[in-house]
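Peer 1: Please read through the structure below; I'll follow up with questions.
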Amino acid sequence: MPVVSAEQPPRHRVVVLALDGVLPFELGIPQRIFGLARTTGGVRLYDVITCSLRPPGPVRTNADFDIMVENGPEAIATADTVLIPASYELGPVYEEGSLTGELRSALAHLRPGTRLVSICTGGYVLAAAGFLDGRPASTHWSSAAHFQRTFPRIKVDADVLFIDDGDVLTSAGVAAGIDLCLHIVRRDHGTAIANDVARRTVVPPHRDGGQAQYIQRPVPEAQLATTTTARAWALARLHEPIQLRDMADQESMSVRTFTRRFREEAGISPGQWLVQQRVERARHLLEATDLSVDRIARDAGFGTAQSMRQHLQAALGVAPTVYRRTFRAVDGKCSGKGSDKGSGVRLA
């Protein structure tokens with residue numbers, strides 16, 4: 001066994017529990033997101049392993065192939081975080097809200113203080129085990145009503161992409177698992193590392209809006225131009241005053257048409273989007289630079305420190321100085337925990 005030096009502490013271990021009927025896409029999310037997380041020096045920050053309810057062998061998926069899993073449920077005892085993706089074969093867990101004997105035995109391996117995470121209907125397992133009693137939780141919007149009826153002691157929120165309740169985190173459906181895993185990386189190691197993982201995965205580091213925007217959302221007409229050019233133009237000059245008319249001009253649209261199209265594509269208004277992008281710029285500058293709050297307010301486009309404080313308080317629940325103390329990088333590392341409130345996120 002290699003010797004771990006003081007400069008290289010043991011990696012955080014994420015154990016993913018693969019149940020029969022697992023969705024391969026969701027099963028791959030933690031491997032991808034946590035597997036890419038590295039320090040600026042290239043040191044891996046997480047170990048990710050997969051286990052099943054039985055000794056090593058095949059696990060059925062909801063696709064036309066099985067997967068071979070080498071680790072049995074005893075691997076849960078080694079976990080710092082246990083993550084449960086969705087399965088289409090939850091049986092009595094879904095129908096009656098009760099654990100099977102196999103699941104009960106597997107979860108008995110949990111050590112006190114282990115962080116628990118679910119993606120989509122994987123939350124049914126956490127709920128059936130009692131880990132969500134009295135807590136807020138999310139799941140796929142199509143299962144939210146059933147989830148609430150089955151587990152009335154849970155405060156189900158079907159509007160958000162995920163909920164961070166400290167040691168228990170739950171996400172909405174499927175791709176919201178990416179949002180949640182990126183959030184965990186951000187919470188553990190700061191925005192810079194999470195953004196690097198997002199860039200390498202070619203996904204946004206933070207999605208705007210909750211899952212309500214995906215319920216019967218009309219699709220924009222394909223023959224019409226998008227608002228991509230206007231958004232890129234605005235991102236290049238966030239530090240400047242930006243008028244709605246200026247953005248609409250980039251797409252040669254009227255303000256009314258541009259606003260409608262923008263909301264169709266982004267799920268929020270241009271003004272809301274601009275504020276969110278400026279908040280993200282301010283977060284980055286607070287973490288990565290020693291610039292004063294006044295200078296960051298100007299560079300992020302808020303104009304004054306007071307305006308930036310108001311917007312960060314509304315978006316993140318903390319003042320700029322508090323956020324900087326929480327996430328400020330020191331020697332390539334970050335302190336690790338803080339708030340990340342947004343329209344698609346809920347921290348209890």
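Following the order of the structure tokens, first chain is A, next is B, and so on, with residues numbered from 1 inside each chain and ligands from 1 in the order they appear.
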Would you list the contacts of Met68 (chain A) as a list in words, taking every protein, DNA or RNA residue within 8 Å and counting only C-alpha atoms, but skipping same-chain residues closer than 4 positions in sequence?
Peer 2: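 In the requested form, the answer reads Pro56, Gly57, Pro58 and Val59 of chain A.
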Peer 1: Can you measure CA of Arg325 (chain A) to CA of Gly166 (chain A) for me? One decimal in Å is fine.
Peer 2: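 We find that CA of Arg325 (chain A) and CA of Gly166 (chain A) lie 19.0 Å from each other.
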Peer 1: Work out how far CA of Arg149 (chain A) is from CA of Ile29 (chain A), in Å to one decimal.
Peer 2: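 Between these atoms lies a distance of 28.6 Å.
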Peer 1: Would you please work out which residue, of A:Leu132, A:Val160, A:Ala282, A:Val48, is nearest to Ala319 (chain A) when using only C-alpha atoms?
Peer 2: A:Ala282
Peer 1: Calculate how many Å separate CA of Ala77 (chain A) from CA of Arg111 (chain A), rounding to one decimal.
Peer 2: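 Interatomic distance here is 6.0 Å.
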Peer 1: Under the rule that only C-alpha atoms are counted, which of A:Leu291, A:Ser171, A:Arg298, A:Val279 is the nearest residue to Ala314 (chain A)?
Peer 2: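 Among the listed residues, A:Val279 lies closest to Ala314 (chain A).
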Peer 1: Run DSSP on the backbone of this structure and report the residues of region 51-240 of chain A it assigns to helix (DSSP H, G or I), as JSON, numbers by chain.
Peer 2: {"A": [73, 74, 75, 76, 77, 78, 92, 93, 94, 95, 101, 102, 103, 104, 105, 106, 107, 120, 121, 122, 123, 124, 125, 126, 127, 128, 141, 142, 143, 144, 145, 146, 147, 148, 149, 150, 176, 177, 178, 179, 180, 181, 182, 183, 184, 185, 186, 187, 188, 189, 191, 192, 193, 194, 195, 196, 197, 198, 199, 200, 201, 211, 212, 213, 214, 228, 229, 230, 231, 232, 233, 234, 235]}
Peer 1: Next, dump the selected residues to file, keeping only C-alpha atoms, as a short mmCIF file (atom, residue, chain, number, x, y, z; two decimals), in the first residue's frame.
Peer 2:
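Contents of selection-v4.cif, freshly written:
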```
data_model
loop_
_atom_site.label_atom_id
_atom_site.label_comp_id
_atom_site.auth_asym_id
_atom_site.auth_seq_id
_atom_site.Cartn_x
_atom_site.Cartn_y
_atom_site.Cartn_z
CA PRO A 73 -22.20 -4.15 -0.36
CA GLU A 74 -19.35 -4.31 2.14
CA ALA A 75 -17.69 -1.53 0.11
CA ILE A 76 -20.23 0.87 1.64
CA ALA A 77 -18.33 0.62 4.91
CA THR A 78 -15.35 2.33 3.24
CA PRO A 92 -41.44 -2.65 -2.81
CA VAL A 93 -39.27 0.42 -2.22
CA TYR A 94 -41.29 2.29 -4.84
CA GLU A 95 -44.64 0.57 -4.34
CA GLY A 101 -33.84 -7.32 3.05
CA GLU A 102 -30.89 -6.93 0.70
CA LEU A 103 -31.05 -3.14 0.82
CA ARG A 104 -31.42 -3.10 4.58
CA SER A 105 -28.36 -5.33 4.96
CA ALA A 106 -26.36 -3.20 2.51
CA LEU A 107 -27.17 0.08 4.24
CA CYS A 120 -33.66 10.96 -9.41
CA THR A 121 -35.76 8.10 -7.93
CA GLY A 122 -32.73 6.81 -6.07
CA GLY A 123 -34.16 9.05 -3.36
CA TYR A 124 -36.79 6.38 -2.70
CA VAL A 125 -34.08 4.23 -1.12
CA LEU A 126 -32.96 7.01 1.21
CA ALA A 127 -36.58 7.76 2.05
CA ALA A 128 -37.49 4.14 2.77
CA TRP A 141 -40.94 15.79 -11.38
CA SER A 142 -43.03 12.91 -12.73
CA SER A 143 -42.57 10.98 -9.46
CA ALA A 144 -42.85 13.91 -7.05
CA ALA A 145 -46.53 13.49 -6.20
CA HIS A 146 -46.13 9.73 -5.65
CA PHE A 147 -42.98 10.35 -3.60
CA GLN A 148 -44.87 12.76 -1.35
CA ARG A 149 -47.81 10.36 -0.89
CA THR A 150 -45.52 7.44 -0.12
CA ALA A 176 -29.86 16.89 -12.63
CA GLY A 177 -27.43 14.38 -11.18
CA ILE A 178 -24.70 16.22 -13.08
CA ASP A 179 -25.77 19.49 -11.46
CA LEU A 180 -25.73 17.88 -8.03
CA CYS A 181 -22.33 16.23 -8.44
CA LEU A 182 -20.82 19.50 -9.70
CA HIS A 183 -22.34 21.24 -6.68
CA ILE A 184 -20.70 18.71 -4.37
CA VAL A 185 -17.32 19.31 -6.02
CA ARG A 186 -17.91 23.06 -5.67
CA ARG A 187 -18.88 22.64 -2.02
CA ASP A 188 -15.90 20.43 -1.26
CA HIS A 189 -13.19 22.20 -3.26
CA THR A 191 -15.77 27.00 -7.80
CA ALA A 192 -12.53 26.90 -9.79
CA ILE A 193 -12.21 23.11 -9.61
CA ALA A 194 -15.93 22.58 -10.26
CA ASN A 195 -15.78 24.88 -13.26
CA ASP A 196 -12.78 22.98 -14.63
CA VAL A 197 -14.72 19.71 -14.35
CA ALA A 198 -17.71 21.31 -16.07
CA ARG A 199 -15.58 22.61 -18.94
CA ARG A 200 -13.98 19.23 -19.48
CA THR A 201 -17.40 17.58 -19.39
CA GLN A 211 -36.85 21.41 -13.25
CA ALA A 212 -40.22 23.11 -13.69
CA GLN A 213 -38.83 24.55 -16.92
CA TYR A 214 -38.63 21.00 -18.33
CA THR A 228 -26.57 32.56 -28.40
CA THR A 229 -24.78 35.47 -30.07
CA ALA A 230 -26.34 37.99 -27.69
CA ARG A 231 -25.36 35.95 -24.66
CA ALA A 232 -21.76 35.59 -25.84
CA TRP A 233 -21.66 39.34 -26.56
CA ALA A 234 -22.96 40.14 -23.07
CA LEU A 235 -20.55 37.76 -21.33
#
```
Peer 1: Quick one: everything within 8 Å of Leu19 (chain A), counting only C-alpha atoms, minus sequence neighbours fewer than 2 positions away in the same chain. Send it as an NGL selection string.
Peer 2: :A and (17 or 21-22 or 52-53 or 59-60 or 87 or 89)
Peer 1: Using C-alpha atoms, can you write the selected residues to a file as a PDB file, in the first residue's frame?
Peer 2:
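After the write, again-v3.pdb holds the following:
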```
ATOM      1  CA  LEU A  17     -24.634   1.614  -5.244  1.00  0.00           C
ATOM      2  CA  GLY A  21     -32.577  -1.824 -13.267  1.00  0.00           C
ATOM      3  CA  VAL A  22     -30.074   1.017 -12.904  1.00  0.00           C
ATOM      4  CA  SER A  52     -23.908  -3.930  -5.827  1.00  0.00           C
ATOM      5  CA  LEU A  53     -26.171  -5.672  -3.333  1.00  0.00           C
ATOM      6  CA  VAL A  59     -26.145  -6.132 -12.463  1.00  0.00           C
ATOM      7  CA  ARG A  60     -29.102  -5.615 -14.780  1.00  0.00           C
ATOM      8  CA  SER A  87     -33.395   2.157 -10.808  1.00  0.00           C
ATOM      9  CA  GLU A  89     -36.654  -2.147 -10.487  1.00  0.00           C
TER      10      GLU A  89
END
```
Peer 1: Looking at only C-alpha atoms, which of A:Gln306, A:Gln277, A:Gln313, A:Thr50 is the one that sits closest to Ala79 (chain A)?
Peer 2: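 Nearest to Ala79 (chain A): A:Thr50.
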Peer 1: What are the DSSP strand (DSSP E) residues of region 94-148 of chain A, as a PDB file with N, CA and C atoms, in the first residue's frame?
Peer 2:
```pdb
ATOM      1  N   ARG A 115     -21.798  10.867   4.080  1.00  0.00           N
ATOM      2  CA  ARG A 115     -22.688  11.731   3.295  1.00  0.00           C
ATOM      3  C   ARG A 115     -23.519  10.864   2.347  1.00  0.00           C
ATOM      4  N   LEU A 116     -24.813  11.162   2.245  1.00  0.00           N
ATOM      5  CA  LEU A 116     -25.728  10.372   1.430  1.00  0.00           C
ATOM      6  C   LEU A 116     -26.250  11.223   0.279  1.00  0.00           C
ATOM      7  N   VAL A 117     -26.239  10.642  -0.923  1.00  0.00           N
ATOM      8  CA  VAL A 117     -26.626  11.369  -2.130  1.00  0.00           C
ATOM      9  C   VAL A 117     -27.498  10.459  -2.985  1.00  0.00           C
ATOM     10  N   SER A 118     -28.545  11.030  -3.569  1.00  0.00           N
ATOM     11  CA  SER A 118     -29.365  10.255  -4.510  1.00  0.00           C
ATOM     12  C   SER A 118     -29.581  11.050  -5.778  1.00  0.00           C
ATOM     13  N   PRO A 136     -36.136  18.252   3.634  1.00  0.00           N
ATOM     14  CA  PRO A 136     -36.529  18.558   2.257  1.00  0.00           C
ATOM     15  C   PRO A 136     -35.835  17.606   1.302  1.00  0.00           C
ATOM     16  N   ALA A 137     -36.482  17.285   0.191  1.00  0.00           N
ATOM     17  CA  ALA A 137     -35.891  16.383  -0.796  1.00  0.00           C
ATOM     18  C   ALA A 137     -36.505  16.657  -2.155  1.00  0.00           C
TER      19      ALA A 137
END
```
Peer 1: Need the shell around Trp273 (chain A): protein/DNA/RNA residues with any atom at most 12 Å away, counting only C-alpha atoms. Skip same-chain ones fewer than 2 positions apart. Format as an MDAnalysis selection string?
Peer 2: chainID A and resid 206:209 230:231 234:235 238 242 244 247 259 262:263 265:271 275:280 342:343
Peer 1: Would you mind telling me which residue in A:Val203, A:Leu286, A:Met253, A:Ile163 lies nearest to Gly190 (chain A) when using only C-alpha atoms?
Peer 2: A:Leu286
